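To start, the structure under review is shown below, and the notes come after it.
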Amino acid sequence: MRRIAIRSRVRHPGAVQALVDPSQERTVATYFRALGRRDVDVWLALFTDDAVSHDPVGTPAASGVEELREIWNVMTVPFAKLAIAPDQVFYAGSGAAVKWSAQGTADGGGSVRFGGISVFEFAEDGRIQTVMSYWDPAAMMIELAAAAPQSGG
């Protein structure tokens, strides 16, 4: 029986570079940390001057500091406490898709769990150029209202 040697023509690179841009990782982590800490200044600093936010998708897009502040209010004002964190993050090229979950507690004590997916496109410096978030704030608010303790009358 004769043995045949098979040579692989696949060349292996000497060093594989990281596929994820560290500035993008920092931006995603800081985005969710700033929401949880209710730090609007840190959150706003993550966006480029001409950034566009669709949060949630289907509502009018926001751009510029004042419109981004309005989105901030929609996301944070209903809550006395907000815990929000990425569950899974997928990076590709100049973007990332993030599946996230949150738990919010209102001033009156009602709490709600909700989640969504945000898709980010980053500028070269790692700041957010575009974000498109898929979640249902109306359903979250209805659930939060239903969870509020009822006062006896």
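For the structure tokens, the naming scheme is as follows: chains receive sequential letters (A, B, ...) according to their order of presentation, residues are indexed from 1 within each chain, and ligands are indexed from 1 in presentation order.
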Next on the checklist: If DSSP is run on the backbone, what residues of segment 30-109 of chain A are helix (DSSP H, G or I)? A reply as a ChimeraX atom specification would be ideal.
Outcome noted: /A:30-37,40-45,65-76
Dump as an mmCIF file, in the first residue's frame, selection limited to C-alpha atoms:
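The resulting file, again28.cif, is reproduced below:
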data_model
loop_
_atom_site.group_PDB
_atom_site.id
_atom_site.type_symbol
_atom_site.label_atom_id
_atom_site.label_comp_id
_atom_site.auth_asym_id
_atom_site.auth_seq_id
_atom_site.Cartn_x
_atom_site.Cartn_y
_atom_site.Cartn_z
ATOM 1 C CA THR A 30 -19.910 53.152 28.918
ATOM 2 C CA TYR A 31 -23.254 53.631 27.128
ATOM 3 C CA PHE A 32 -25.009 51.106 29.360
ATOM 4 C CA ARG A 33 -23.097 52.093 32.504
ATOM 5 C CA ALA A 34 -24.066 55.766 31.997
ATOM 6 C CA LEU A 35 -27.738 54.804 31.620
ATOM 7 C CA GLY A 36 -27.653 52.782 34.824
ATOM 8 C CA ARG A 37 -25.855 55.531 36.724
ATOM 9 C CA VAL A 40 -26.458 62.152 31.048
ATOM 10 C CA ASP A 41 -23.191 64.042 30.474
ATOM 11 C CA VAL A 42 -21.142 60.860 30.063
ATOM 12 C CA TRP A 43 -23.862 59.379 27.861
ATOM 13 C CA LEU A 44 -24.028 62.448 25.582
ATOM 14 C CA ALA A 45 -20.222 62.527 25.229
ATOM 15 C CA VAL A 65 -27.600 67.362 21.895
ATOM 16 C CA GLU A 66 -31.105 68.663 22.673
ATOM 17 C CA GLU A 67 -32.894 65.879 20.808
ATOM 18 C CA LEU A 68 -30.605 63.256 22.352
ATOM 19 C CA ARG A 69 -31.472 64.710 25.770
ATOM 20 C CA GLU A 70 -35.155 64.115 24.972
ATOM 21 C CA ILE A 71 -34.399 60.450 24.259
ATOM 22 C CA TRP A 72 -32.440 60.291 27.518
ATOM 23 C CA ASN A 73 -35.523 61.521 29.370
ATOM 24 C CA VAL A 74 -37.789 58.941 27.738
ATOM 25 C CA MET A 75 -35.375 56.194 28.797
ATOM 26 C CA THR A 76 -34.627 57.362 32.341
#
Next on the checklist: Could you list, as a PyMOL selection string, every residue within 12 Å of Met141 of chain A, counting only C-alpha atoms and ignoring same-chain residues fewer than 2 positions away?
Outcome noted: chain A and resi 74-79+104-106+110-114+135-139+143-148
Next on the checklist: I need the residues of chain A that end up classed as strand (DSSP E) by DSSP on the backbone, written out as a VMD selection string.
Outcome noted: chain A and resid 47 to 54 62 to 63 81 to 92 95 to 105 111 to 122 128 to 134
Next on the checklist: So that I can check the surroundings of Ile117 of chain A, please list as a ChimeraX atom specification every protein, DNA and RNA residue that reaches within 8 Å of it, counting only C-alpha atoms and ignoring chain neighbours fewer than 6 positions away.
Outcome noted: /A:97-100,133-135
Next, write the just-selected residues to a file, as a PDB file, in the first residue's frame, keeping C-alpha atoms as the atom set.
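Final file, part-v9.pdb:
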ATOM      1  CA  ALA A  97     -25.436  44.728  17.787  1.00  0.00           C
ATOM      2  CA  VAL A  98     -26.279  44.482  21.479  1.00  0.00           C
ATOM      3  CA  LYS A  99     -28.997  42.383  23.092  1.00  0.00           C
ATOM      4  CA  TRP A 100     -29.685  44.011  26.456  1.00  0.00           C
ATOM      5  CA  SER A 133     -32.800  50.483  19.241  1.00  0.00           C
ATOM      6  CA  TYR A 134     -35.572  47.932  19.054  1.00  0.00           C
ATOM      7  CA  TRP A 135     -37.747  47.850  22.175  1.00  0.00           C
TER       8      TRP A 135
END
Checklist outcome for this item: Pairwise distance, atom CA of Ser101 of chain A with atom CA of Ala29 of chain A, equals 13.5 Å
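Checking A:Thr59, A:Thr48, A:Gln24, A:Ser53 one by one against Ser94 of chain A, counting only C-alpha atoms, you find the shortest gap at A:Gln24.
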